[in-house]
Amino acid sequence: MLKDLQKAIVKSQVWKSIFRVGIPTDNRKRAMAMLGNVVLHLHPIKVKKSGLRMSYTWCMGGTAFFLFLVETITGLLLMFYYRPTVEYAYFDMVDLREVAAFGIMREMHRWAAHAMVIAVWLHMFRVFMTGSYKPPREFNWNVGVILLVLTLLLSFTGYLLPWDQLAIWAITVGSNMARATPLLGHEGPGAALLQLGGTKLIHVGSDARFGLIAGRTIGGGTLIRFYVLHCVAIPFVAAFLIAVHFWRVRRDGGISGPV
Amino acid sequence: MFDALKELVNYFSDPKWSFTITTVVFVAALFWRRLWTNLGGLVMLVGVTLYFVVSMFDENFRLVVAKPDNVPIVMMVYFVGFFVWLSMKKAYDNDERIANGEPTFEKTEANDKIFTWPDLVFSEFICMVILTVLLVVWSIMLQAPLEEPANTAVAPNPSKAPWYFLGLQEMLVYFDPWMAGVVLPSLIIVGLCAIPYIDTNTKGNGYFTFKERRSEIVLFMYGFVVLWCYLIVVGTFMRGPNWNFFGLYEYWDINKVEPLVNVDLSEYIFIKMLGVGLPSFWLVRELPGILLLLLYFVVLPVGLTKLQFFKRYYDDMGASRFYVGIGLFLTMMLLPIKMYLRWAFNLKYLVHIQEFFFNV
Ligand code: HEM
C-alpha cells in the first residue's frame, strides 16, 4: 500500500515538476540532482573523500553556517514581536518569556548566537591547523577573518536589545573603549591634536563613541542604531560575504587536501 | 580536607600562578606529546569533568559557573580542549607516517572522489538534525537571562562586557583602554589577515602536521589558547566586584580591597634609583620608557636577524615579511611581558604621558 502511494506521488506531475530527476539511482542522476537544485548546487558533483571526513573539517564551517541560518529564522520571528524603543523593549522581552507562543525563539536565538561565536573560532582553528589558508586560499582566509569580526559584531549589537541591566552595562563597558580610540576618541592619544583654530574637533559629543552609541550615554538612540545594525545592516553584509566565502571554497579547488 | 583543597585552588587560580601554569602546561604538552594525544586525553577529560562536577557542589563556584550566559564558556573550554587534542593527535599521527616514508592520512584519500549525493548531502542533513535537537534541548533547559530593566543610574558591580570580549576587558588590567580596547584588537585582526601572506612555508597545506610547521602552530596556539581563551576564562570566572581577583571558590565580596601600589617606570628610575625626583618635562621623564620601547620594537628585530634561528626565517621570508611578522609577534608578547612586569615589580606604565593620554 505505502509503496504504491510513494510511487503515485513520485510519478505525479506535481512532484516531477519540482524534483525533475526523481530519486537518484545512478551516477548520471546523482550529478543531475546536484545541478538541478539551487540549494544543492552550492556543492560540486563530486568531492574528495578526505575533505568529507568529519575528523578533517569538524563540520565547523557548516555548523557556523547552519547557526547563521537558525539566527536568521529565529531572529525574523522575534522581529514580529519586539519593538526597539526604550518604552517597550524590556517588556516585550518579559512577554516573550511569559506569554508569547514560541517565546522559546528567544532562547534559541541567544544560545545559537553564543554557539556560533564558538563555532567560528573553532572553524578558524581547524583551517589554521590544516594549513588551509596557504595559497591558493589566502583570500578566502581573509574573507573568513571579516566574517569572524562580523559574527562578533552581530552578537555584540544583539546583546543590547533586551534592554535590561545586563544588556546596557555590557554595551557600556564595550563602547567605553571607543572613547580611547587614538585620534578619534576624546580620551584617546592624539585626539587633542585635531584642532581647528583652537576649537577641539574631537570631544564627548563628536568622537568615535558618540558615533557608535548615538549620544553621550546609552539611550533610545543607541537602541535603534544597534537594532538596525543587528537586524539589517550586518546580516546583509555577512550573508553576502558568506556567499563569497562559499564561492571561493569551490573556486580554490574545494576543501583543501594534500597536493 | 576539601576546604584545604579549595584554598589551594583559590591560591593557584590567581592569574600570576594560573597563567604561569597554563604556559608551562602548554610547553610541556608540546614536548611530551604522546602522553596526552592517545588515551591520556581521555583520562584528562574524565579528570576535568570530575573536578567540575565535584566543584559544582561549592556554592560560590556554582554561582558563577551556572550563570546562563557563562554556560557557553564552559562549552568553549571543553570544545577548545577537545579540538586541540584532536588536531594534535592527527598531526602527530601524520608526522609518524611522514617519518616512516608513508603518505599522510589525507593523502591516501585525496584522489578518491565520491558523489556529493548522497554522501555529503546526507551527512549534512544528519548534522543539521542533531544540531537542531541539541539547540532545542538547550533552549528548553536553560532560560535566556533577563535582569532588572535597564537603569543608567545603577551600575552593576562588576559590569562585564559580553563574554567573548572578556579577554579584552581582562587586558584592561595591564593596559589602558586605547591599547586593550582599540589598538591590540585591531592588530589581532590585522595579524590574522596577514598570516597567509607572512607564512612562506609551503608544507603542511591540506593535512594535519606538527613537525612541518612547528613555529606557526606554536605561535597560533599560544595566541588562541594560552592568551585569548585563558583570559576569557579569567575574566569570566575570576573577576568579581571592582574587577578584583577572586579564586574559583571565593565569595565575591564587594568590600574586598586590593591595595593599589603600582609604580611607573619613570618613578622607579628617577625617584627610586637616581633619587632626583621626576623631571617636569615629559620627554625627559619618559625617556627611559620610550628608549625601552624603541629597543624592543626596532633594535630587537634587527638584532634577531643575527641569530641563526631567526636568520633562517629572514632569508626564507624576505625583509618585509620578516619585520611585519616579528612586529606582530612582539606586540603579542607585550601582553605576557606586561603581565609579568606587573606581578614582579608592580609596574604600572612603561611610558606614561598623561598629557596626551599616551600610556603603555
Ligand atoms: C560566519 C562565519 C563562517 C562561515 C559560515 C564559514 C563557512 C565555511 C564553510 C562551510 C567552509 C567549508 C569547509 C568547512 O566546513 O570547514 C569553509 C571553509 C573555509 N573557511 Fe570559513 N566560514 C566562516 C568563517 C571563517 C573564518 C573566521 C575563517 C578564517 C579566519 C575562515 C576561513 C576558511 C577557509 C580558508 C576555508 C577553506 C578551507 C579548506 O579548503 O579546507 N572561515 N568556511
# chains A, B, ... in the order shown; residues from 1 in each chain; ligands from 1
$ select_by_dssp --residues "stretch 27-240 of chain A" --states "helix (DSSP H, G or I)" --output "number ranges by chain"
A: 27-36, 40-42, 49-52, 54-57, 60-79, 89-98, 104-129, 138-160, 165-180, 191-193, 208-213, 220-240
$ residues_near_ligand --ligand "ligand 1" --cutoff "7 Å" --atoms "only C-alpha atoms and all ligand atoms" --output "PyMOL selection string"
(chain A and resi 57-62+64-65+68+120-121+123-124+127+132-133+137-138+140-148+151+242+245-246+249+254-256) or (chain B and resi 192+206)
$ closest_atom_pairs --of "chain B" --to "chain A" --cutoff "6 Å" --atoms "only C-alpha atoms" --output "Markdown table"
| residue | atom | partner | partner_atom | distance |
| --- | --- | --- | --- | --- |
| B:Glu106 | CA | A:Ser50 | CA | 5.5 |
| B:Lys107 | CA | A:Pro258 | CA | 5.7 |
| B:Glu109 | CA | A:Ser50 | CA | 5.2 |
| B:Ala110 | CA | A:Ser50 | CA | 5.5 |
| B:Asp112 | CA | A:Lys49 | CA | 5.5 |
| B:Lys113 | CA | A:Lys48 | CA | 4.6 |
| B:Ile114 | CA | A:Lys46 | CA | 5.3 |
| B:Phe115 | CA | A:Lys46 | CA | 4.4 |
| B:Thr116 | CA | A:Lys46 | CA | 5.1 |
| B:Trp117 | CA | A:Arg30 | CA | 5.6 |
| B:Ser139 | CA | A:Glu107 | CA | 5.1 |
| B:Ala144 | CA | A:Glu107 | CA | 5.2 |
| B:Glu147 | CA | A:Asp164 | CA | 5.5 |
| B:Glu148 | CA | A:Asp164 | CA | 5.6 |
| B:Pro149 | CA | A:Asp164 | CA | 4.3 |
| B:Ala150 | CA | A:Asp164 | CA | 4.2 |
| B:Ser159 | CA | A:Trp169 | CA | 6.0 |
| B:Lys160 | CA | A:Ala170 | CA | 5.3 |
| B:Ala161 | CA | A:Ala170 | CA | 4.1 |
| B:Pro162 | CA | A:Ala170 | CA | 5.9 |
| B:Pro177 | CA | A:Met177 | CA | 5.5 |
| B:Trp178 | CA | A:Ala180 | CA | 4.6 |
| B:Gly181 | CA | A:Met177 | CA | 5.2 |
| B:Val182 | CA | A:Thr181 | CA | 6.0 |
| B:Cys193 | CA | A:Asn142 | CA | 5.3 |
| B:Pro196 | CA | A:Glu138 | CA | 5.3 |
| B:Gly204 | CA | A:Gly131 | CA | 5.7 |
| B:Asn205 | CA | A:Gly131 | CA | 4.6 |
| B:Gly206 | CA | A:Gly257 | CA | 3.9 |
| B:Tyr207 | CA | A:Thr130 | CA | 4.9 |
| B:Phe208 | CA | A:Thr130 | CA | 4.9 |
| B:Phe356 | CA | A:Pro189 | CA | 5.3 |
| B:Phe357 | CA | A:Pro189 | CA | 4.7 |
| B:Phe358 | CA | A:Pro189 | CA | 5.1 |
$ residues_around --residues "stretch 319-331 of chain B" --least-positions-apart "4" --cutoff "10 Å" --atoms "only C-alpha atoms" --output "PyMOL selection string"
chain B and resi 184+187-188+190-192+194-195+197-200+219+223+296-298+300-302+304-305+310-311+313-315+335-337
$ write_last_selection --atoms "N, CA and C atoms" --output "short mmCIF file (atom, residue, chain, number, x, y, z; two decimals), in the first residue's frame"
data_model
loop_
_atom_site.label_atom_id
_atom_site.label_comp_id
_atom_site.auth_asym_id
_atom_site.auth_seq_id
_atom_site.Cartn_x
_atom_site.Cartn_y
_atom_site.Cartn_z
N LEU B 184 45.21 46.84 20.31
CA LEU B 184 45.51 45.41 20.28
C LEU B 184 44.45 44.60 19.53
N LEU B 187 45.03 45.04 15.96
CA LEU B 187 46.22 44.31 15.50
C LEU B 187 45.96 42.80 15.45
N ILE B 188 45.07 42.31 16.30
CA ILE B 188 44.73 40.89 16.20
C ILE B 188 44.11 40.63 14.83
N VAL B 190 44.34 42.51 12.08
CA VAL B 190 45.35 42.69 11.04
C VAL B 190 46.29 41.49 11.00
N GLY B 191 46.67 41.04 12.19
CA GLY B 191 47.60 39.92 12.26
C GLY B 191 47.01 38.66 11.65
N LEU B 192 45.73 38.39 11.96
CA LEU B 192 45.08 37.21 11.38
C LEU B 192 45.06 37.32 9.86
N ALA B 194 47.04 38.86 8.04
CA ALA B 194 48.39 38.83 7.46
C ALA B 194 48.97 37.42 7.42
N ILE B 195 48.42 36.51 8.23
CA ILE B 195 49.02 35.18 8.35
C ILE B 195 49.36 34.54 7.00
N TYR B 197 50.00 35.71 4.21
CA TYR B 197 50.99 36.42 3.41
C TYR B 197 52.36 36.42 4.07
N ILE B 198 52.38 36.21 5.38
CA ILE B 198 53.66 36.18 6.08
C ILE B 198 54.27 34.79 6.02
N ASP B 199 53.39 33.79 6.15
CA ASP B 199 53.85 32.41 6.25
C ASP B 199 54.27 31.90 4.87
N THR B 200 55.54 31.69 4.69
CA THR B 200 56.01 31.26 3.37
C THR B 200 56.26 29.76 3.32
N LEU B 219 52.99 29.36 17.71
CA LEU B 219 52.60 30.76 17.86
C LEU B 219 51.09 30.92 17.86
N GLY B 223 48.69 32.14 21.01
CA GLY B 223 47.78 33.28 20.95
C GLY B 223 46.35 32.89 21.23
N TYR B 296 62.88 47.56 22.03
CA TYR B 296 62.07 46.35 21.86
C TYR B 296 61.56 46.22 20.44
N PHE B 297 61.05 47.32 19.90
CA PHE B 297 60.37 47.21 18.60
C PHE B 297 61.29 47.48 17.42
N VAL B 298 62.43 48.13 17.63
CA VAL B 298 63.29 48.45 16.49
C VAL B 298 64.61 47.69 16.55
N LEU B 300 65.60 45.25 18.67
CA LEU B 300 65.50 43.80 18.86
C LEU B 300 65.23 43.03 17.56
N PRO B 301 64.25 43.45 16.75
CA PRO B 301 64.02 42.71 15.50
C PRO B 301 65.25 42.66 14.62
N VAL B 302 65.96 43.79 14.52
CA VAL B 302 67.16 43.79 13.69
C VAL B 302 68.19 42.86 14.29
N LEU B 304 67.70 40.28 16.09
CA LEU B 304 67.31 38.88 15.96
C LEU B 304 67.79 38.26 14.66
N THR B 305 67.85 39.09 13.61
CA THR B 305 68.27 38.53 12.31
C THR B 305 69.70 38.01 12.36
N PHE B 310 66.70 32.79 13.76
CA PHE B 310 65.86 33.77 13.07
C PHE B 310 66.39 34.10 11.68
N LYS B 311 67.71 33.99 11.53
CA LYS B 311 68.33 34.27 10.24
C LYS B 311 67.70 33.40 9.16
N TYR B 313 64.69 32.21 9.00
CA TYR B 313 63.39 32.75 8.61
C TYR B 313 63.57 34.01 7.77
N TYR B 314 64.51 34.84 8.20
CA TYR B 314 64.75 36.09 7.49
C TYR B 314 65.09 35.81 6.03
N ASP B 315 65.94 34.83 5.82
CA ASP B 315 66.33 34.50 4.44
C ASP B 315 65.16 33.93 3.65
N LEU B 335 51.88 41.64 25.84
CA LEU B 335 50.90 41.32 26.88
C LEU B 335 51.49 40.46 28.00
N PRO B 336 52.02 39.26 27.68
CA PRO B 336 52.61 38.50 28.79
C PRO B 336 53.75 39.25 29.47
N ILE B 337 54.52 40.00 28.72
CA ILE B 337 55.62 40.74 29.34
C ILE B 337 55.09 41.74 30.36
#
$ closest_residue --among "B:His352, B:Lys67, B:Gly81, B:Ala4" --to "B:Val48" --atoms "only C-alpha atoms"
B:Gly81
$ residues_around --residues "B:Ser266" --least-positions-apart "2" --cutoff "8 Å" --atoms "only C-alpha atoms" --output "list in words"
Asp264, Tyr268, Ile269, Phe270, Ile271, Leu278, Arg285, Glu286, Pro288, Gly289, Leu350 and Val351 of chain B
$ write_last_selection --atoms "C-alpha atoms" --output "mmCIF file, in the first residue's frame"
data_model
loop_
_atom_site.group_PDB
_atom_site.id
_atom_site.type_symbol
_atom_site.label_atom_id
_atom_site.label_comp_id
_atom_site.auth_asym_id
_atom_site.auth_seq_id
_atom_site.Cartn_x
_atom_site.Cartn_y
_atom_site.Cartn_z
ATOM 1 C CA ASP B 264 55.604 53.770 36.758
ATOM 2 C CA TYR B 268 61.432 53.620 39.522
ATOM 3 C CA ILE B 269 64.251 55.275 37.649
ATOM 4 C CA PHE B 270 64.149 58.888 38.759
ATOM 5 C CA ILE B 271 62.901 58.505 42.296
ATOM 6 C CA LEU B 278 60.523 63.316 38.484
ATOM 7 C CA ARG B 285 60.662 61.958 32.312
ATOM 8 C CA GLU B 286 59.538 59.242 29.903
ATOM 9 C CA PRO B 288 63.732 55.574 29.696
ATOM 10 C CA GLY B 289 60.423 54.009 28.749
ATOM 11 C CA LEU B 350 56.440 51.802 30.832
ATOM 12 C CA VAL B 351 55.590 55.105 29.255
#
$ atom_distance --atom1 "atom CA of A:Gly103" --atom2 "atom CA of A:Leu78"
8.4 Å
$ atom_distance --atom1 "atom CA of B:Phe57" --atom2 "atom CA of B:Val257"
27.2 Å
$ atom_distance --atom1 "atom CA of B:Glu7" --atom2 "atom CA of B:Tyr251"
12.0 Å
$ select_by_dssp --residues "stretch 180-259 of chain A" --states "strand (DSSP E)" --output "PyMOL selection string"
chain A and resi 195-196+199-200
$ write_last_selection --atoms "all heavy atoms" --output "compact mmCIF listing (two decimals), in the first residue's frame"
# COMPACT_ATOMS: atom_id res chain seq x y z
N GLN A 195 42.64 69.97 16.11
CA GLN A 195 42.00 71.22 16.49
C GLN A 195 41.90 72.09 15.26
O GLN A 195 42.69 71.99 14.33
CB GLN A 195 42.84 71.95 17.52
CG GLN A 195 42.90 71.25 18.85
CD GLN A 195 43.46 72.14 19.92
OE1 GLN A 195 43.95 73.22 19.64
NE2 GLN A 195 43.38 71.68 21.16
N LEU A 196 40.90 72.94 15.28
CA LEU A 196 40.77 73.89 14.19
C LEU A 196 40.65 75.27 14.81
O LEU A 196 39.63 75.57 15.46
CB LEU A 196 39.52 73.56 13.35
CG LEU A 196 39.66 73.84 11.86
CD1 LEU A 196 40.66 72.89 11.22
CD2 LEU A 196 38.30 73.69 11.19
N THR A 199 39.58 75.31 18.41
CA THR A 199 38.40 74.53 18.80
C THR A 199 38.73 73.05 18.63
O THR A 199 39.21 72.64 17.59
CB THR A 199 37.20 74.83 17.89
OG1 THR A 199 37.31 76.17 17.44
CG2 THR A 199 35.91 74.57 18.60
N LYS A 200 38.41 72.30 19.67
CA LYS A 200 38.65 70.87 19.57
C LYS A 200 37.64 70.23 18.63
O LYS A 200 36.44 70.48 18.73
CB LYS A 200 38.52 70.23 20.96
CG LYS A 200 39.77 70.35 21.77
CD LYS A 200 39.65 69.45 22.98
CE LYS A 200 40.87 69.63 23.88
NZ LYS A 200 40.70 68.98 25.16
$ decode --residues "stretch 65-78 of chain A" --atoms "all heavy atoms" --output "CSV table (one decimal), in the first residue's frame"
chain,number,residue,atom,x,y,z
A,65,PHE,N,27.6,28.0,9.5
A,65,PHE,CA,26.6,28.5,8.6
A,65,PHE,C,25.1,28.1,9.0
A,65,PHE,O,24.2,28.9,8.9
A,65,PHE,CB,26.9,27.9,7.2
A,65,PHE,CG,25.9,28.2,6.1
A,65,PHE,CD1,25.6,29.6,5.9
A,65,PHE,CD2,25.3,27.3,5.4
A,65,PHE,CE1,24.7,30.0,4.9
A,65,PHE,CE2,24.4,27.7,4.4
A,65,PHE,CZ,24.1,29.0,4.1
A,66,PHE,N,25.0,26.8,9.5
A,66,PHE,CA,23.7,26.4,10.0
A,66,PHE,C,23.2,27.3,11.1
A,66,PHE,O,22.1,27.7,11.1
A,66,PHE,CB,23.8,24.9,10.5
A,66,PHE,CG,22.6,24.5,11.2
A,66,PHE,CD1,21.4,24.2,10.4
A,66,PHE,CD2,22.5,24.3,12.5
A,66,PHE,CE1,20.3,23.8,11.1
A,66,PHE,CE2,21.4,23.9,13.2
A,66,PHE,CZ,20.3,23.6,12.4
A,67,LEU,N,24.1,27.6,12.0
A,67,LEU,CA,23.7,28.5,13.1
A,67,LEU,C,23.3,29.9,12.6
A,67,LEU,O,22.4,30.5,13.1
A,67,LEU,CB,24.8,28.6,14.2
A,67,LEU,CG,25.0,27.3,14.9
A,67,LEU,CD1,26.3,27.3,15.8
A,67,LEU,CD2,23.8,27.0,15.8
A,68,PHE,N,24.0,30.3,11.5
A,68,PHE,CA,23.6,31.6,10.9
A,68,PHE,C,22.2,31.5,10.4
A,68,PHE,O,21.4,32.5,10.6
A,68,PHE,CB,24.6,32.0,9.8
A,68,PHE,CG,24.4,33.3,9.1
A,68,PHE,CD1,24.8,34.5,9.7
A,68,PHE,CD2,23.7,33.3,7.9
A,68,PHE,CE1,24.5,35.7,9.1
A,68,PHE,CE2,23.5,34.5,7.3
A,68,PHE,CZ,23.9,35.7,7.9
A,69,LEU,N,21.9,30.4,9.8
A,69,LEU,CA,20.5,30.3,9.3
A,69,LEU,C,19.5,30.2,10.4
A,69,LEU,O,18.4,30.9,10.4
A,69,LEU,CB,20.4,29.0,8.4
A,69,LEU,CG,21.2,29.0,7.1
A,69,LEU,CD1,21.0,27.6,6.4
A,69,LEU,CD2,20.7,30.1,6.3
A,70,VAL,N,19.9,29.5,11.5
A,70,VAL,CA,19.0,29.5,12.6
A,70,VAL,C,18.7,30.9,13.2
A,70,VAL,O,17.6,31.3,13.5
A,70,VAL,CB,19.6,28.6,13.8
A,70,VAL,CG1,18.8,28.7,15.0
A,70,VAL,CG2,19.6,27.1,13.3
A,71,GLU,N,19.8,31.7,13.2
A,71,GLU,CA,19.7,33.0,13.7
A,71,GLU,C,18.8,33.8,12.8
A,71,GLU,O,18.0,34.7,13.3
A,71,GLU,CB,21.1,33.7,13.8
A,71,GLU,CG,22.0,33.2,14.9
A,71,GLU,CD,21.4,33.3,16.2
A,71,GLU,OE1,21.5,34.4,16.8
A,71,GLU,OE2,20.7,32.4,16.7
A,72,THR,N,18.9,33.6,11.5
A,72,THR,CA,18.0,34.4,10.6
A,72,THR,C,16.6,34.1,10.8
A,72,THR,O,15.7,34.9,10.9
A,72,THR,CB,18.4,34.0,9.1
A,72,THR,OG1,19.9,34.1,9.0
A,72,THR,CG2,17.8,35.0,8.2
A,73,ILE,N,16.3,32.8,10.9
A,73,ILE,CA,14.9,32.4,11.1
A,73,ILE,C,14.3,32.8,12.4
A,73,ILE,O,13.3,33.5,12.5
A,73,ILE,CB,14.7,30.9,10.9
A,73,ILE,CG1,15.1,30.5,9.4
A,73,ILE,CG2,13.3,30.4,11.2
A,73,ILE,CD1,15.4,29.0,9.2
A,74,THR,N,15.0,32.4,13.5
A,74,THR,CA,14.5,32.8,14.8
A,74,THR,C,14.5,34.3,15.0
A,74,THR,O,13.6,34.9,15.6
A,74,THR,CB,15.4,32.2,16.0
A,74,THR,OG1,16.7,32.6,15.8
A,74,THR,CG2,15.2,30.7,16.0
A,75,GLY,N,15.5,35.0,14.4
A,75,GLY,CA,15.5,36.5,14.5
A,75,GLY,C,14.4,37.1,13.8
A,75,GLY,O,13.7,38.0,14.3
A,76,LEU,N,14.0,36.6,12.7
A,76,LEU,CA,12.9,37.1,11.9
A,76,LEU,C,11.6,37.0,12.8
A,76,LEU,O,10.8,37.9,12.9
A,76,LEU,CB,12.7,36.3,10.6
A,76,LEU,CG,11.9,37.0,9.6
A,76,LEU,CD1,12.8,37.9,8.8
A,76,LEU,CD2,11.3,36.0,8.7
A,77,LEU,N,11.5,35.8,13.4
A,77,LEU,CA,10.3,35.6,14.2
A,77,LEU,C,10.2,36.6,15.4
A,77,LEU,O,9.2,37.1,15.7
A,77,LEU,CB,10.2,34.2,14.7
A,77,LEU,CG,9.9,33.1,13.6
A,77,LEU,CD1,10.0,31.7,14.1
A,77,LEU,CD2,8.6,33.4,13.0
A,78,LEU,N,11.4,36.8,16.0
A,78,LEU,CA,11.5,37.7,17.1
A,78,LEU,C,11.1,39.2,16.7
A,78,LEU,O,10.5,39.9,17.4
A,78,LEU,CB,12.9,37.7,17.7
A,78,LEU,CG,13.2,36.5,18.5
A,78,LEU,CD1,14.7,36.5,18.9
A,78,LEU,CD2,12.3,36.4,19.8
